[in-house]
Every structure is written in C-alpha cells, then in structure tokens.
$ cat model16.cif   # mmCIF, C-alpha atoms and all ligand atoms
data_my_file
#
loop_
_atom_site.label_atom_id
_atom_site.label_comp_id
_atom_site.auth_asym_id
_atom_site.auth_seq_id
_atom_site.Cartn_x
_atom_site.Cartn_y
_atom_site.Cartn_z
CA MET R 117 0.00 0.00 0.00
CA GLN R 118 1.18 3.52 -0.79
CA ARG R 119 2.57 5.40 2.16
CA TYR R 120 3.28 9.08 2.83
CA PHE R 121 5.19 10.85 5.55
CA LEU R 122 3.32 13.96 6.60
CA PRO R 123 4.27 16.75 8.99
CA PRO R 124 2.34 16.48 12.29
CA GLU R 125 0.16 19.54 11.49
CA GLN R 126 -1.44 17.60 8.63
CA PHE R 127 -2.95 15.17 11.14
CA HIS R 128 -6.24 16.64 12.37
CA LEU R 129 -7.34 15.22 15.69
CA THR R 130 -10.76 16.83 15.91
CA THR R 131 -11.98 15.65 12.53
CA GLN R 132 -9.97 12.41 12.52
CA THR R 133 -8.63 13.27 9.09
CA VAL R 134 -5.31 13.91 7.44
CA THR R 135 -4.48 16.25 4.58
CA ILE R 136 -1.95 15.26 1.97
CA GLU R 137 -0.47 18.28 0.21
CA GLY R 138 2.10 19.47 -2.32
CA ASP R 139 4.23 16.86 -4.10
CA ASP R 140 2.58 14.05 -2.13
CA ALA R 141 -0.91 15.12 -3.27
CA HIS R 142 0.33 15.32 -6.84
CA HIS R 143 1.92 11.89 -6.55
CA LEU R 144 -1.22 10.35 -5.11
CA ALA R 145 -3.71 11.98 -7.49
CA ARG R 146 -1.72 12.12 -10.72
CA VAL R 147 0.97 9.46 -10.55
CA MET R 148 -0.91 6.81 -8.59
CA ARG R 149 -4.29 7.88 -10.04
CA ALA R 150 -5.93 7.35 -6.68
CA GLU R 151 -9.71 7.58 -6.34
CA ILE R 152 -12.07 8.45 -3.56
CA GLY R 153 -12.40 5.46 -1.26
CA ASP R 154 -8.82 4.23 -1.87
CA LYS R 155 -6.73 3.54 1.18
CA VAL R 156 -3.20 4.67 1.91
CA ILE R 157 -0.98 4.79 4.96
CA CYS R 158 0.13 8.09 6.48
CA SER R 159 2.88 8.43 9.03
CA ASN R 160 4.22 11.38 10.99
CA GLY R 161 7.66 9.78 10.75
CA VAL R 162 8.02 9.51 14.50
CA ASP R 163 5.36 7.66 16.42
CA ARG R 164 2.09 7.65 14.57
CA GLU R 165 0.94 5.71 11.58
CA VAL R 166 -2.63 5.52 10.31
CA LEU R 167 -4.59 3.78 7.62
CA VAL R 168 -6.73 6.39 5.84
CA ARG R 169 -9.50 6.39 3.26
CA ILE R 170 -9.49 9.15 0.65
CA ALA R 171 -12.52 11.38 1.03
CA GLU R 172 -11.71 14.36 -1.23
CA LEU R 173 -9.31 14.66 -4.11
CA ASP R 174 -8.23 18.10 -5.26
CA LYS R 175 -5.23 19.01 -7.36
CA GLY R 176 -3.12 20.39 -4.58
CA ARG R 177 -4.70 18.66 -1.61
CA VAL R 178 -6.16 15.32 -0.67
CA THR R 179 -8.29 14.84 2.43
CA ALA R 180 -8.57 11.39 3.93
CA GLU R 181 -10.38 9.93 6.93
CA ILE R 182 -8.48 7.96 9.51
CA VAL R 183 -9.72 4.37 9.50
CA GLU R 184 -7.28 2.73 11.84
CA GLU R 185 -4.18 3.40 13.94
CA LEU R 186 -1.37 1.09 12.89
CA THR R 187 1.42 -0.38 14.94
CA MET R 188 3.71 -1.97 12.37
CA ASP R 189 7.37 -1.63 13.00
CA ALA R 190 9.80 -1.92 10.12
CA GLU R 191 12.63 -0.09 11.87
CA ALA R 192 15.95 -1.70 12.66
CA ALA R 193 16.60 -2.06 16.38
CA VAL R 194 20.14 -0.73 16.23
CA GLN R 195 20.50 2.82 14.90
CA VAL R 196 23.12 2.99 12.19
CA TRP R 197 24.65 6.23 11.01
CA ILE R 198 26.37 6.22 7.68
CA ALA R 199 29.18 8.74 7.88
CA GLN R 200 30.17 9.27 4.29
CA SER R 201 33.02 11.37 3.00
CA LEU R 202 31.39 13.46 0.30
CA PRO R 203 31.66 11.53 -2.97
CA LYS R 204 31.65 12.86 -6.53
CA GLY R 205 28.61 13.46 -8.72
CA ASP R 206 25.29 12.15 -7.49
CA LYS R 207 26.73 9.24 -5.53
CA MET R 208 25.61 10.71 -2.22
CA GLU R 209 22.04 10.53 -3.48
CA VAL R 210 22.46 6.86 -4.32
CA ILE R 211 23.96 6.20 -0.89
CA ILE R 212 21.05 7.95 0.83
CA GLN R 213 18.46 6.15 -1.27
CA LYS R 214 19.90 2.66 -0.92
CA GLY R 215 21.00 3.14 2.67
CA THR R 216 17.47 4.21 3.57
CA GLU R 217 16.00 1.12 1.92
CA ILE R 218 18.37 -1.12 3.84
CA GLY R 219 17.58 0.66 7.09
CA ALA R 220 20.13 3.31 8.06
CA ALA R 221 18.93 5.73 10.73
CA ARG R 222 21.07 8.73 9.83
CA PHE R 223 23.44 10.04 7.21
CA LEU R 224 26.34 12.23 8.07
CA PRO R 225 28.28 13.56 5.08
CA PHE R 226 31.72 14.89 5.89
CA LEU R 227 34.85 16.33 4.30
CA SER R 228 38.18 14.60 4.60
CA ASP R 229 41.70 15.15 3.24
CA ARG R 230 41.12 13.43 -0.07
CA THR R 231 37.57 14.57 -0.69
CA ILE R 232 37.59 15.38 -4.39
CA VAL R 233 34.42 17.38 -4.81
CA GLN R 234 34.52 21.09 -4.46
CA TYR R 235 32.35 21.76 -1.46
CA ASP R 236 30.13 24.75 -2.08
CA ALA R 237 28.62 26.00 1.15
CA LYS R 238 26.24 28.28 -0.78
CA LYS R 239 24.54 25.31 -2.33
CA GLU R 240 24.27 23.57 1.00
CA ALA R 241 20.67 24.50 1.84
CA LYS R 242 19.30 23.41 -1.49
CA ARG R 243 21.29 20.23 -1.55
CA SER R 244 20.40 19.18 1.98
CA GLU R 245 16.74 19.77 1.16
CA ARG R 246 17.13 17.48 -1.83
CA TRP R 247 18.92 14.81 0.19
CA GLN R 248 16.22 14.87 2.84
CA LYS R 249 13.58 14.49 0.15
CA ILE R 250 15.38 11.45 -1.27
CA ALA R 251 15.44 9.93 2.24
CA LYS R 252 11.71 10.59 2.65
CA GLU R 253 10.78 9.03 -0.68
CA ALA R 254 13.02 6.02 -0.13
CA ALA R 255 11.54 5.51 3.35
CA GLU R 256 8.03 5.64 1.89
CA GLN R 257 8.95 3.18 -0.79
CA ALA R 258 10.63 0.86 1.73
CA HIS R 259 7.60 1.02 4.08
CA ARG R 260 9.66 2.38 6.89
CA ASN R 261 8.17 4.06 9.94
CA ARG R 262 10.82 6.76 10.13
CA VAL R 263 12.60 9.00 7.73
CA PRO R 264 16.33 8.90 8.34
CA GLN R 265 17.91 12.22 9.06
CA VAL R 266 20.42 13.63 6.64
CA GLU R 267 22.70 15.92 8.57
CA SER R 268 24.60 18.91 7.26
CA VAL R 269 28.10 18.42 5.90
CA HIS R 270 30.54 18.01 8.79
CA SER R 271 34.23 18.79 8.91
CA TRP R 272 36.57 15.90 9.76
CA LYS R 273 36.98 17.28 13.30
CA GLN R 274 33.22 17.56 13.76
CA LEU R 275 32.78 13.97 12.63
CA LEU R 276 35.32 12.75 15.20
CA GLN R 277 33.46 14.69 17.86
CA ARG R 278 30.02 13.39 16.84
CA ALA R 279 31.21 9.78 16.79
CA LYS R 280 31.70 10.02 20.55
CA GLU R 281 27.90 9.94 20.91
CA ALA R 282 27.83 6.43 19.46
CA ASP R 283 28.10 3.07 21.21
CA VAL R 284 30.28 1.70 18.43
CA ALA R 285 32.19 3.52 15.70
CA TRP R 286 33.83 1.76 12.79
CA ILE R 287 35.94 3.35 10.11
CA CYS R 288 36.25 1.31 6.92
CA TYR R 289 39.86 1.12 5.83
CA GLU R 290 40.94 -1.02 2.92
CA LYS R 291 44.51 -1.23 4.25
CA GLU R 292 43.41 -2.62 7.60
CA ASP R 293 44.95 -6.06 7.86
CA GLY R 294 44.06 -6.83 11.46
CA GLN R 295 40.46 -6.18 12.33
CA GLN R 296 37.85 -7.61 9.95
CA LEU R 297 34.25 -6.43 10.05
CA ARG R 298 32.60 -9.72 10.99
CA PRO R 299 34.59 -10.42 14.17
CA ALA R 300 34.23 -6.73 15.05
CA ILE R 301 30.44 -7.06 14.81
CA GLN R 302 30.46 -10.27 16.82
CA GLN R 303 32.58 -8.66 19.49
CA ALA R 304 30.25 -5.65 19.72
CA LEU R 305 27.27 -8.02 19.95
CA ALA R 306 28.92 -9.95 22.77
CA GLN R 307 29.59 -6.66 24.57
CA GLY R 308 25.90 -5.78 24.32
CA LYS R 309 26.60 -2.74 22.14
CA LEU R 310 24.26 -3.55 19.26
CA GLY R 311 20.94 -3.67 21.10
CA PRO R 312 17.73 -1.71 20.50
CA GLY R 313 18.29 2.01 20.35
CA GLN R 314 22.06 1.76 20.42
CA GLN R 315 24.02 3.88 17.98
CA VAL R 316 26.59 2.65 15.51
CA VAL R 317 28.65 4.80 13.16
CA ILE R 318 30.07 3.34 9.96
CA ALA R 319 32.50 5.80 8.36
CA VAL R 320 33.52 5.46 4.73
CA GLY R 321 36.18 7.41 2.93
CA PRO R 322 36.09 9.25 -0.41
CA GLU R 323 37.19 7.86 -3.80
CA GLY R 324 40.83 8.40 -2.83
CA GLY R 325 40.41 6.74 0.57
CA PHE R 326 41.49 7.93 4.02
CA THR R 327 45.04 9.00 4.79
CA GLU R 328 47.02 7.04 7.37
CA GLN R 329 46.96 10.09 9.58
CA GLU R 330 43.17 10.22 9.45
CA ILE R 331 42.99 6.60 10.54
CA VAL R 332 45.28 7.36 13.50
CA GLN R 333 43.15 10.37 14.46
CA ALA R 334 39.95 8.35 14.12
CA GLU R 335 41.32 5.60 16.34
CA GLU R 336 42.31 8.19 18.93
CA ALA R 337 38.73 9.46 18.83
CA GLY R 338 37.35 5.98 19.54
CA PHE R 339 36.86 4.53 16.07
CA GLN R 340 37.88 0.98 15.33
CA SER R 341 39.42 0.54 11.88
CA VAL R 342 37.87 -2.39 10.01
CA SER R 343 38.39 -4.19 6.73
CA LEU R 344 35.47 -5.20 4.53
CA GLY R 345 37.49 -7.94 2.86
CA SER R 346 40.31 -8.20 0.36
CA ARG R 347 38.66 -6.45 -2.56
CA ILE R 348 38.64 -2.68 -2.88
CA LEU R 349 35.08 -1.43 -3.01
CA ARG R 350 33.96 1.85 -4.47
CA THR R 351 33.00 4.38 -1.87
CA GLU R 352 29.26 4.03 -2.59
CA THR R 353 29.53 0.23 -2.40
CA ALA R 354 31.47 0.18 0.86
CA ALA R 355 28.76 1.93 2.89
CA MET R 356 26.07 -0.46 1.63
CA VAL R 357 28.22 -3.52 2.27
CA GLY R 358 29.06 -2.41 5.81
CA LEU R 359 25.43 -1.66 6.61
CA THR R 360 24.13 -4.90 5.14
CA CYS R 361 26.75 -7.05 6.87
CA LEU R 362 25.92 -5.47 10.20
CA PHE R 363 22.19 -5.99 9.72
CA TYR R 364 22.76 -9.55 8.57
CA GLU R 365 24.60 -10.32 11.78
CA THR R 366 21.99 -8.61 13.96
CA GLY R 367 19.14 -10.45 12.24
CA GLU R 368 17.65 -7.51 10.34
CA MET R 369 17.90 -9.05 6.88
CA GLY R 370 15.18 -11.65 7.15
CA GLY R 371 16.09 -13.54 10.31
N1 LIG F 1 41.60 4.82 -3.31
C1 LIG F 1 41.69 3.69 -2.48
C2 LIG F 1 40.36 3.01 -2.23
C3 LIG F 1 39.33 3.86 -1.63
S1 LIG F 1 37.83 3.05 -1.62
C4 LIG F 1 42.56 2.71 -3.21
O1 LIG F 1 42.52 2.70 -4.43
O2 LIG F 1 43.27 1.97 -2.55
C5 LIG F 1 36.79 4.22 -0.85
C6 LIG F 1 36.42 3.91 0.58
O3 LIG F 1 35.69 2.70 0.65
C7 LIG F 1 37.62 3.73 1.51
O4 LIG F 1 38.04 4.94 2.07
C8 LIG F 1 37.02 2.81 2.58
O5 LIG F 1 36.36 3.56 3.57
C9 LIG F 1 36.02 1.98 1.82
N2 LIG F 1 36.53 0.67 1.40
C10 LIG F 1 36.60 0.18 0.14
N3 LIG F 1 37.04 -1.08 0.12
C11 LIG F 1 37.24 -1.43 1.41
C12 LIG F 1 37.68 -2.61 2.06
N4 LIG F 1 38.00 -3.69 1.38
N5 LIG F 1 37.74 -2.60 3.40
C13 LIG F 1 37.42 -1.51 4.11
N6 LIG F 1 37.01 -0.36 3.56
C14 LIG F 1 36.91 -0.31 2.22
#
$ encode --input "model16.cif" --output "structure tokens" --more "lines below"
Ligand code: SAH
Amino acid sequence: MQRYFLPPEQFHLTTQTVTIEGDDAHHLARVMRAEIGDKVICSNGVDREVLVRIAELDKGRVTAEIVEELTMDAEAAVQVWIAQSLPKGDKMEVIIQKGTEIGAARFLPFLSDRTIVQYDAKKEAKRSERWQKIAKEAAEQAHRNRVPQVESVHSWKQLLQRAKEADVAWICYEKEDGQQLRPAIQQALAQGKLGPGQQVVIAVGPEGGFTEQEIVQAEEAGFQSVSLGSRILRTETAAMVGLTCLFYETGEMGG
C-alpha cells in the first residue's frame, strides 16, 4: 500500500482526518491515479501511523479519513549512522536512497583530506533539502516508519566529535589487515553494544580513501578501523556492504 510521511500539522485530531499536500498530493492523485475510497498509509515519521480512506481529491490537496491506527514496526533495532566522506557526482544521493531502503537511521556527510568534490557552502541548503527528500521518498517506498535524518556536511573534526555519541564507531579502511568487520560485529554483539536504540557509526572514505593520519586520528577518537574484505570497493559500495553485513549479523535481513 502507498505510504506518505506527513508533517504532524497535517494530522487533524478533531476531525480524525489527514491532509496530503504538495508533491505528495500530486503523486497520489496524478501518478498513482488514486480515487475516492482508496486507502493509503500516512505516518508522521516519528510515532504515529494511520490507515486512511481518501474522502476528497483536489489538485493540490487530498483529504482522507483515519480508518485505523497502525502499529507496524519496520525499523531496525540498532541505529546505524552512515558517515560518508562526500563523494563525486550524485553518488551521495544513491547512498542515501539505498542506505534508507536497507535501514540506516542517519546520514552524516563529511569532508576529509582526499575529498575530491569542491564543497560549495552556498549550495548547502538546497542540496540538503534534496537529500532529505530522497530519504523521505526512499523511506516511503521501503515502508519504513521513520525518515532517516540527513545531517549537514561536517568537517573531519566535527565527525570525530560526533562519533563520541555512538556506542560503536567503525571506520572502513581497505589497508586494515588486522580487524575484519565480521569479528568486530560479533565482538560488539557480545559486549551488548548492538541492542535496540544503540548507535553505531560506519564511516567510509572518499574515492581516494582515508590518509594514514586520518585513521590514526579516528582511532584516537574511539573509532575501530575495520576491513570489509580483500577487494577494494567503491565508496558508494562500501557503505552499503558495511550496513548490510551489520544488519545480517543482527538479524535484520530476514532472520
Ligand atoms: N583509493 C583507495 C580506495 C578507496 S575506496 C585505493 O585505491 O586503494 C573508498 C572507501 O571505501 C575507503 O576509504 C574505505 O572507507 C572503503 N573501502 C573500500 N574497500 C574497502 C575494504 N576492502 N575494506 C574496508 N574499507 C573499504
């Protein structure tokens, strides 16, 4: 069933209705060709999800009656942040879209020594709006209960600081020949660090990778450097592989 994330003010308690507006209304009416009486799911992205029946269809606005409160939970227990050194082109969009489908809780783009893209702070607002929209649409499509947050672009120092909030922080380093991801996950599981609500950061470098000095600094800040195996993955592949492996081990990928 189609699902839309709506801001809380579009849930109307007194009339037990919701209003679907803007792009979502267009999508529902024009793209999905919905009709009066059709049912969709609306979520406030935090703690409320309702089954609704369409009562009125206008171009810019759809009104629907709440039929039932829902309690489905498609969220991963452990909260994974993908910390991604800003990649070239539209790769960040792909990472946000796929990472949201798989179940990441948060995206944290950052700049590191070998970041290739020219970071343009002026374009930041527009771009972060676009990234958040991609996360919303991917979460709708994946039938998630929450929209992952896409944070603003962090400096390397800010990333090291933020990672201190997490229960576990891994930095993916292709030259790591000691710690492999799987035993690292198993160790964190055994230490009770991958339970419900706990926070895990997976940091991935840019096309050119991390410098040795960055790895040293990250380790000093509490990161554990991990290898994802003997093949070199592209930056946009590495984040997805790390996330999927973690969720496989914690039972989020179908048992
Ligand atoms: N330019 C580097 C590779 C960088 S790959 C080289 O050619 O050697 C881009 C990012 O993906 C890396 O910074 C790392 O975070 C991640 N990555 C890719 N393959 C990896 C692997 N096998 N193990 C751990 N991290 C990996």
$ axis_aligned_box --input "model16.cif" --around "ligand LIG 1 (chain F)" --padding-each-side "4 Å" --output "lines of an AutoDock Vina configuration file"
center_x = 39.5
center_y = 0.6
center_z = -0.2
size_x = 15.6
size_y = 16.6
size_z = 16.5
$ atom_distance --input "model16.cif" --atom1 "CA of His259 (chain R)" --atom2 "CA of Asn160 (chain R)"
12.9 Å
$ residues_near_ligand --input "model16.cif" --ligand "ligand LIG 1 (chain F)" --cutoff "9 Å" --atoms "only C-alpha atoms and all ligand atoms" --output "number ranges by chain"
R: 200-201, 287-292, 296-297, 318-327, 341-355, 358
$ atom_distance --input "model16.cif" --atom1 "CA of Gln257 (chain R)" --atom2 "CA of Thr366 (chain R)"
22.9 Å
$ residues_around --input "model16.cif" --residues "Ser228 (chain R)" --least-positions-apart "2" --cutoff "6 Å" --atoms "all atoms listed in the file" --output "list of chain:residue names"
R:Arg230, R:Thr231, R:Trp272
$ write_last_selection --input "model16.cif" --atoms "C-alpha atoms" --output "JSON list (two decimals), keeping the file's coordinate frame"
[["chain", "number", "residue", "atom", "x", "y", "z"],
["R", 230, "ARG", "CA", 41.12, 13.43, -0.07],
["R", 231, "THR", "CA", 37.57, 14.57, -0.69],
["R", 272, "TRP", "CA", 36.57, 15.90, 9.76]]
$ closest_residue --input "model16.cif" --among "R:Asp283, R:Asp189, R:Glu330, R:Glu209" --to "Ala251 (chain R)" --atoms "all atoms listed in the file"
R:Glu209
$ atom_distance --input "model16.cif" --atom1 "CA of Arg119 (chain R)" --atom2 "CA of Ile250 (chain R)"
14.6 Å
$ residues_around --input "model16.cif" --residues "region 304-311 of chain R" --least-positions-apart "4" --cutoff "9 Å" --atoms "all atoms listed in the file" --output "list in words"
Ala193, Val194, Gln195, Asp283, Val284, Pro299, Ala300, Gln315, Val316, Glu365 and Thr366 of chain R
$ closest_residue --input "model16.cif" --among "R:Leu202, R:Ala258, R:Ala279, R:Ile136" --to "Val317 (chain R)" --atoms "only C-alpha atoms"
R:Ala279
$ residues_near_point --input "model16.cif" --point "(16.3, -0.5, 5.7)" --cutoff "12 Å" --atoms "only C-alpha atoms" --output "PyMOL selection string"
chain R and resi 189-197+212-222+251+254-264+356+359-360+362-364+368-370
$ closest_residue --input "model16.cif" --among "R:Ile198, R:Ser159, R:Leu276, R:Glu184" --to "Glu335 (chain R)" --atoms "only C-alpha atoms"
R:Leu276
$ residues_near_point --input "model16.cif" --point "(-0.3, 7.9, 7.8)" --cutoff "9 Å" --atoms "only C-alpha atoms" --output "ChimeraX atom specification"
/R:119-122,127,134,156-161,164-168,182,185-186
$ closest_residue --input "model16.cif" --among "R:Asp236, R:Asp206, R:Glu181, R:Glu328" --to "Leu129 (chain R)" --atoms "all atoms listed in the file"
R:Glu181
$ closest_residue --input "model16.cif" --among "R:Arg243, R:His142, R:Lys238, R:Lys207" --to "Lys175 (chain R)" --atoms "all atoms listed in the file"
R:His142
$ closest_residue --input "model16.cif" --among "R:Val266, R:Ala241, R:Val183, R:Leu173" --to "Met208 (chain R)" --atoms "only C-alpha atoms"
R:Val266
